[in-house]
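Participant: Input input.csv, format and content: CSV, C-alpha atoms.
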```csv
chain,number,residue,atom,x,y,z
A,1,MET,CA,0.0,0.0,0.0
A,2,THR,CA,1.2,3.5,-0.8
A,3,GLU,CA,3.0,5.2,2.1
A,4,ASP,CA,1.1,8.4,2.8
A,5,LEU,CA,3.8,10.9,3.8
A,6,PHE,CA,1.2,13.8,4.1
A,7,ARG,CA,-0.3,12.0,7.1
A,8,ALA,CA,2.8,12.6,9.2
A,9,ASP,CA,3.8,16.0,7.7
A,10,ALA,CA,1.2,18.0,5.7
A,11,TYR,CA,3.9,20.5,4.9
A,12,LEU,CA,5.9,18.2,2.7
A,13,ARG,CA,5.7,19.6,-0.9
A,14,THR,CA,7.8,17.0,-2.8
A,15,CYS,CA,9.1,13.5,-2.5
A,16,ASP,CA,11.0,11.0,-4.5
A,17,ALA,CA,9.3,7.7,-5.0
A,18,GLU,CA,9.3,4.5,-7.1
A,19,VAL,CA,6.6,4.0,-9.7
A,20,THR,CA,4.8,0.7,-9.0
A,21,VAL,CA,1.9,1.1,-11.6
A,22,ALA,CA,1.5,3.4,-14.6
A,23,ASP,CA,-1.4,2.6,-16.9
A,24,ALA,CA,-4.8,4.0,-18.1
A,25,GLY,CA,-6.1,3.8,-14.6
A,26,GLY,CA,-3.5,6.2,-13.2
A,27,ILE,CA,-0.1,6.2,-11.6
A,28,VAL,CA,0.7,4.5,-8.3
A,29,LEU,CA,3.9,5.3,-6.3
A,30,ASP,CA,5.3,3.5,-3.3
A,31,ARG,CA,5.1,6.8,-1.3
A,32,THR,CA,3.5,10.1,-2.0
A,33,VAL,CA,2.9,13.6,-0.7
A,34,PHE,CA,-0.4,13.8,-2.7
A,35,TYR,CA,-3.6,13.7,-0.6
A,36,PRO,CA,-6.4,11.6,-2.2
A,37,THR,CA,-10.0,12.9,-2.3
A,38,GLY,CA,-11.7,12.0,1.0
A,39,GLY,CA,-13.4,13.4,4.1
A,40,GLY,CA,-14.7,16.3,2.2
A,41,GLN,CA,-11.3,17.4,1.0
A,42,PRO,CA,-10.4,17.3,-2.7
A,43,GLY,CA,-7.4,15.4,-4.0
A,44,ASP,CA,-4.2,17.2,-4.7
A,45,THR,CA,-2.9,18.2,-8.1
A,46,GLY,CA,0.6,18.8,-9.2
A,47,ILE,CA,3.5,17.5,-11.3
A,48,LEU,CA,5.1,14.1,-11.5
A,49,SER,CA,8.5,14.1,-13.1
A,50,TRP,CA,11.1,11.4,-14.0
A,51,ASP,CA,14.2,11.0,-16.1
A,52,GLY,CA,13.1,12.1,-19.6
A,53,GLY,CA,9.6,13.2,-18.9
A,54,GLU,CA,6.9,14.7,-16.7
A,55,CYS,CA,3.1,14.8,-16.5
A,56,ARG,CA,0.5,17.0,-14.9
A,57,ILE,CA,-1.6,15.3,-12.1
A,58,VAL,CA,-5.1,16.6,-12.2
A,59,ASP,CA,-6.6,14.5,-9.4
A,60,THR,CA,-5.6,12.1,-6.7
A,61,ARG,CA,-7.9,9.2,-5.5
A,62,LYS,CA,-7.7,6.2,-3.3
A,63,ALA,CA,-8.4,2.8,-4.9
A,64,LYS,CA,-11.1,0.9,-2.9
A,65,GLU,CA,-9.8,-2.5,-3.9
A,66,THR,CA,-6.1,-2.0,-2.9
A,67,GLY,CA,-6.0,1.1,-0.7
A,68,ASN,CA,-3.3,2.5,-3.0
A,69,ILE,CA,-3.2,6.2,-3.8
A,70,VAL,CA,-3.7,6.8,-7.5
A,71,HIS,CA,-2.4,9.9,-9.3
A,72,ILE,CA,-4.6,10.7,-12.2
A,73,PRO,CA,-2.7,12.3,-15.1
A,74,GLU,CA,-4.2,14.7,-17.6
A,75,ASP,CA,-5.6,13.2,-20.8
A,76,GLY,CA,-2.8,12.3,-23.3
A,77,ALA,CA,0.0,12.9,-20.8
A,78,PRO,CA,3.1,10.7,-21.1
A,79,LEU,CA,3.5,8.0,-18.4
A,80,PRO,CA,6.6,6.8,-16.6
A,81,SER,CA,7.6,3.2,-16.6
A,82,ALA,CA,7.0,0.9,-13.7
A,83,GLY,CA,10.1,0.8,-11.6
A,84,ALA,CA,11.2,4.3,-12.5
A,85,THR,CA,12.2,6.8,-9.9
A,86,ALA,CA,9.9,9.9,-10.0
A,87,THR,CA,9.6,13.2,-8.1
A,88,ALA,CA,6.1,14.1,-6.9
A,89,ALA,CA,5.4,17.8,-6.3
A,90,ILE,CA,2.0,19.1,-5.2
A,91,ASP,CA,0.5,22.5,-6.1
A,92,TRP,CA,1.4,23.8,-2.7
A,93,ASP,CA,-0.6,27.1,-2.7
A,94,ARG,CA,-3.8,25.2,-3.5
A,95,ARG,CA,-3.1,22.5,-0.8
A,96,HIS,CA,-2.3,25.2,1.8
A,97,ARG,CA,-5.6,26.8,1.2
A,98,PHE,CA,-7.3,23.5,1.7
A,99,MET,CA,-5.3,23.0,5.0
A,100,ARG,CA,-6.4,26.4,6.2
A,101,MET,CA,-10.0,25.9,5.3
A,102,HIS,CA,-10.2,22.3,6.7
A,103,THR,CA,-8.8,23.5,10.1
A,104,CYS,CA,-11.3,26.5,10.0
A,105,MET,CA,-14.2,24.0,9.5
A,106,HIS,CA,-13.0,22.2,12.7
A,107,LEU,CA,-13.2,25.5,14.6
A,108,LEU,CA,-16.7,26.2,13.3
A,109,SER,CA,-17.8,22.8,14.5
A,110,ALA,CA,-16.5,23.7,17.9
A,111,ILE,CA,-18.6,26.9,17.9
A,112,VAL,CA,-21.9,25.6,16.5
A,113,ASP,CA,-23.6,23.1,18.8
A,114,GLY,CA,-25.0,20.6,16.3
A,115,GLU,CA,-24.1,17.3,14.6
A,116,ILE,CA,-22.4,17.7,11.3
A,117,THR,CA,-24.5,16.3,8.4
A,118,GLY,CA,-22.1,17.2,5.6
A,119,GLY,CA,-19.2,19.4,4.6
A,120,GLN,CA,-16.9,20.3,1.7
A,121,VAL,CA,-13.4,21.9,1.7
A,122,GLY,CA,-13.1,24.2,-1.3
A,123,ASP,CA,-10.3,26.3,-2.7
A,124,GLY,CA,-10.4,29.3,-0.5
A,125,LYS,CA,-13.9,28.5,0.7
A,126,GLY,CA,-15.9,25.7,2.4
A,127,ARG,CA,-19.2,24.7,3.9
A,128,VAL,CA,-20.4,22.8,6.9
A,129,ASP,CA,-24.0,21.4,7.2
A,130,PHE,CA,-25.4,21.1,10.8
A,131,ASN,CA,-28.4,19.2,12.1
A,132,LEU,CA,-30.2,22.2,13.7
A,133,PRO,CA,-33.9,21.8,13.3
A,134,ASP,CA,-35.0,24.4,15.8
A,135,THR,CA,-32.1,26.7,16.0
A,136,SER,CA,-31.5,30.1,14.3
A,137,ILE,CA,-27.8,31.0,13.7
A,138,ASP,CA,-26.5,34.4,14.6
A,139,LYS,CA,-24.2,35.0,11.7
A,140,GLU,CA,-22.3,37.9,13.3
A,141,ALA,CA,-21.8,36.1,16.6
A,142,VAL,CA,-20.5,33.0,14.9
A,143,GLY,CA,-18.2,35.0,12.6
A,144,ALA,CA,-16.8,36.9,15.6
A,145,ALA,CA,-16.2,33.7,17.6
A,146,LEU,CA,-14.5,32.0,14.7
A,147,ASN,CA,-12.1,34.8,14.0
A,148,ARG,CA,-11.3,35.1,17.7
A,149,LEU,CA,-10.3,31.4,17.9
A,150,ILE,CA,-8.2,32.0,14.8
A,151,GLU,CA,-6.4,35.0,16.2
A,152,GLU,CA,-5.7,33.2,19.5
A,153,ASP,CA,-3.2,31.1,17.7
A,154,HIS,CA,-4.1,27.7,19.1
A,155,PRO,CA,-1.7,24.9,18.2
A,156,VAL,CA,-3.1,22.1,16.0
A,157,SER,CA,-1.7,18.6,16.4
A,158,ALA,CA,-2.5,14.9,15.7
A,159,THR,CA,-2.8,12.1,18.2
A,160,TRP,CA,-3.9,8.5,17.9
A,161,ILE,CA,-6.3,6.3,19.7
A,162,THR,CA,-7.3,2.7,19.2
A,163,ASP,CA,-10.5,1.6,17.5
A,164,GLU,CA,-11.7,0.3,20.9
A,165,GLU,CA,-11.0,3.7,22.5
A,166,LEU,CA,-13.0,5.5,19.9
A,167,GLN,CA,-15.9,3.1,20.3
A,168,ALA,CA,-15.8,3.9,24.0
A,169,ARG,CA,-15.9,7.7,23.3
A,170,PRO,CA,-18.7,8.2,20.7
A,171,GLU,CA,-18.9,11.9,21.6
A,172,LEU,CA,-15.7,12.4,19.6
A,173,ILE,CA,-17.5,11.7,16.3
A,174,LYS,CA,-19.3,14.8,15.2
A,175,THR,CA,-20.2,13.8,11.7
A,176,MET,CA,-23.4,11.9,10.9
A,177,SER,CA,-22.6,11.4,7.2
A,178,VAL,CA,-18.9,10.4,7.3
A,179,LYS,CA,-17.6,7.9,9.8
A,180,PRO,CA,-13.9,7.8,10.7
A,181,PRO,CA,-12.0,4.9,9.1
A,182,THR,CA,-11.6,2.0,11.5
A,183,GLY,CA,-10.2,-1.5,11.1
A,184,ALA,CA,-6.5,-0.6,11.0
A,185,GLY,CA,-6.3,-0.7,14.8
A,186,ARG,CA,-6.0,3.0,15.4
A,187,VAL,CA,-7.6,6.3,14.4
A,188,ARG,CA,-6.1,9.7,14.1
A,189,LEU,CA,-7.5,12.6,16.1
A,190,MET,CA,-6.9,16.2,15.3
A,191,GLN,CA,-6.6,18.4,18.4
A,192,VAL,CA,-7.0,22.1,18.5
A,193,GLY,CA,-5.6,23.9,21.5
A,194,ASP,CA,-6.4,22.8,25.0
A,195,GLY,CA,-10.0,21.7,24.8
A,196,VAL,CA,-11.0,23.8,21.7
A,197,ASP,CA,-11.7,20.8,19.5
A,198,LEU,CA,-10.9,17.1,19.3
A,199,GLN,CA,-12.3,14.8,16.6
A,200,PRO,CA,-11.2,12.0,14.2
A,201,CYS,CA,-10.0,13.3,10.9
A,202,GLY,CA,-7.7,12.1,8.1
A,203,GLY,CA,-7.3,15.4,6.3
A,204,THR,CA,-4.4,17.9,6.1
A,205,HIS,CA,-4.3,20.8,8.6
A,206,VAL,CA,-2.2,23.8,9.5
A,207,LEU,CA,0.0,23.8,12.7
A,208,ALA,CA,-1.7,26.8,14.4
A,209,THR,CA,-5.0,28.5,14.0
A,210,SER,CA,-3.5,31.9,13.2
A,211,GLU,CA,-2.2,30.5,9.9
A,212,ILE,CA,-5.8,30.3,8.7
A,213,GLY,CA,-6.0,34.1,8.5
A,214,PRO,CA,-9.3,36.1,8.7
A,215,VAL,CA,-12.5,34.4,7.4
A,216,GLU,CA,-15.9,35.6,6.5
A,217,ILE,CA,-19.2,33.8,7.1
A,218,GLY,CA,-21.2,33.7,3.9
A,219,LYS,CA,-24.8,32.7,3.3
A,220,ILE,CA,-26.5,30.5,5.9
A,221,GLU,CA,-28.9,28.3,4.0
A,222,ASN,CA,-31.7,26.0,5.0
A,223,LYS,CA,-31.1,22.6,3.3
A,224,GLY,CA,-34.3,20.7,4.3
A,225,ARG,CA,-36.2,20.8,7.5
A,226,GLN,CA,-33.2,20.1,9.7
A,227,ASN,CA,-30.0,21.0,7.8
A,228,ARG,CA,-28.5,24.4,8.2
A,229,ARG,CA,-25.5,25.1,5.8
A,230,ILE,CA,-22.9,27.7,6.9
A,231,ASN,CA,-20.6,28.9,4.1
A,232,LEU,CA,-17.1,30.1,4.8
A,233,ARG,CA,-14.5,32.1,2.8
A,234,LEU,CA,-10.9,32.9,3.4
A,235,VAL,CA,-10.4,36.7,3.3
A,236,THR,CA,-6.7,36.4,2.2
A,237,PRO,CA,-5.8,34.0,-0.6
```
Have the structure of the file written as structure tokens, please.

Facilitator:
Amino acid sequence: MTEDLFRADAYLRTCDAEVTVADAGGIVLDRTVFYPTGGGQPGDTGILSWDGGECRIVDTRKAKETGNIVHIPEDGAPLPSAGATATAAIDWDRRHRFMRMHTCMHLLSAIVDGEITGGQVGDGKGRVDFNLPDTSIDKEAVGAALNRLIEEDHPVSATWITDEELQARPELIKTMSVKPPTGAGRVRLMQVGDGVDLQPCGGTHVLATSEIGPVEIGKIENKGRQNRRINLRLVTP
């Protein structure tokens, strides 16, 4: 299975790797810095280069059958040979915006008291859907609280617990639509500050909340009788 270097260090921008598969279905490396689509976060894009060639990677996905991370080249791009050494380089500015927004969405979930029914990390924007059937949301108050947590510069770090520990602490799971991956024996938790937020997540995040920068609360939408969608936007690109 592909070694996912981004899991231990989301700030890695490049890595050298061996090509294990390169065909019409995509390119598989033995290790990668490319994050695959999942958990509401889009897959990374970037460049894969090798001796004598390079190709543009337009998407990254995880194969259900093997668990390998598959790099999808643009149509008509040249492919490396299996066994070749390649350099994988992500589009860093795009990834960093995802990291900032993903962490911001965790902060929002710490402010709004409701189960999460959906969410999507976008490029400089994002949304979180909450199960709030009888609650009105004060847009100004939520925005002020969110930016205050950002400015307080809380550290963001990862820790791990066992599958059994997670089962014993169901309150850690805030999402109704996406369940944390289990079966590998342990689950990664993302922790913000001292008691600000703690929940399972496999996405990429910044190291401190101040790195997010100022944000704006956009439209708050009713999506059905219970769902309330809060849209977010990074003020600085």

Participant: Pick out the closest residue to Ala84 in chain A from this set: A:Ala63, A:Ile220, A:Met101, A:Val19. Count all atoms listed in the file.

Facilitator: A:Val19

Participant: When distances are computed from all atoms listed in the file, which of A:Ile57, A:Ile137, A:Ile212, A:Leu232 shows the smallest separation from Gly119 in chain A?

Facilitator: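 When distances to Gly119 in chain A are compared using all atoms listed in the file, the smallest one comes from A:Leu232.
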
Participant: Just the residues within 10 Å of Leu234 in chain A, please, counting only C-alpha atoms, with nothing from its chain fewer than 3 positions along; format it as a PDB file with C-alpha atoms, in the coordinates of the input.

Facilitator:
```
ATOM      1  CA  ARG A  97      -5.600  26.800   1.200  1.00  0.00           C
ATOM      2  CA  ARG A 100      -6.400  26.400   6.200  1.00  0.00           C
ATOM      3  CA  MET A 101     -10.000  25.900   5.300  1.00  0.00           C
ATOM      4  CA  CYS A 104     -11.300  26.500  10.000  1.00  0.00           C
ATOM      5  CA  ASP A 123     -10.300  26.300  -2.700  1.00  0.00           C
ATOM      6  CA  GLY A 124     -10.400  29.300  -0.500  1.00  0.00           C
ATOM      7  CA  LYS A 125     -13.900  28.500   0.700  1.00  0.00           C
ATOM      8  CA  GLY A 126     -15.900  25.700   2.400  1.00  0.00           C
ATOM      9  CA  ILE A 212      -5.800  30.300   8.700  1.00  0.00           C
ATOM     10  CA  GLY A 213      -6.000  34.100   8.500  1.00  0.00           C
ATOM     11  CA  PRO A 214      -9.300  36.100   8.700  1.00  0.00           C
ATOM     12  CA  VAL A 215     -12.500  34.400   7.400  1.00  0.00           C
ATOM     13  CA  GLU A 216     -15.900  35.600   6.500  1.00  0.00           C
ATOM     14  CA  ILE A 217     -19.200  33.800   7.100  1.00  0.00           C
ATOM     15  CA  PRO A 237      -5.800  34.000  -0.600  1.00  0.00           C
TER      16      PRO A 237
END
```

Participant: What lies within 8 Å of Thr14 in chain A using only C-alpha atoms, ignoring chain neighbours under 4 positions off, as a PyMOL selection string?

Facilitator: chain A and resi 33+87-90

Participant: Need to verify the contact set: range 141-152 of chain A, 12 Å, all atoms listed in the file, exclusion of same-chain residues closer than 5 positions in sequence. Can you return it as a ChimeraX atom specification?

Facilitator: /A:100-101,103-113,136,192-197,206-220,230-235

Participant: Nearest residue to Ala82 in chain A out of A:Ile69, A:Cys55, A:Val187, A:Val28, using all atoms listed in the file?

Facilitator: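 Comparing A:Ile69, A:Cys55, A:Val187, A:Val28 against Ala82 in chain A, the winner is A:Val28.
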
Participant: Have a look at CA of Glu115 in chain A and CA of Gly202 in chain A and let me know their distance in Å, one decimal.

Facilitator: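 Interatomic distance here is 18.4 Å.
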
Participant: Tell me, in Å to one decimal, how far CA of Thr85 in chain A is from CA of Thr204 in chain A.

Facilitator: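 Computing it gives 25.6 Å between the two atoms.
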
Participant: Extract, using all atoms listed in the file, all DNA, RNA and protein residues at most 8 Å from Thr32 in chain A, discarding same-chain residues fewer than 3 positions from it, and format them as number ranges by chain.

Facilitator: A: 2-6, 15-17, 29, 69, 88

Participant: Between CA of Leu48 in chain A and CA of Ala86 in chain A, what distance in Å does the model show, to one decimal?

Facilitator: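 Separation of CA of Leu48 in chain A and CA of Ala86 in chain A: 6.6 Å.
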
Participant: Determine the nearest neighbour of Thr66 in chain A from the options A:Met99, A:Met1, A:Ala8, A:Asp129, counting all atoms listed in the file.

Facilitator: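 Using all atoms listed in the file, the shortest distance to Thr66 in chain A belongs to A:Met1.
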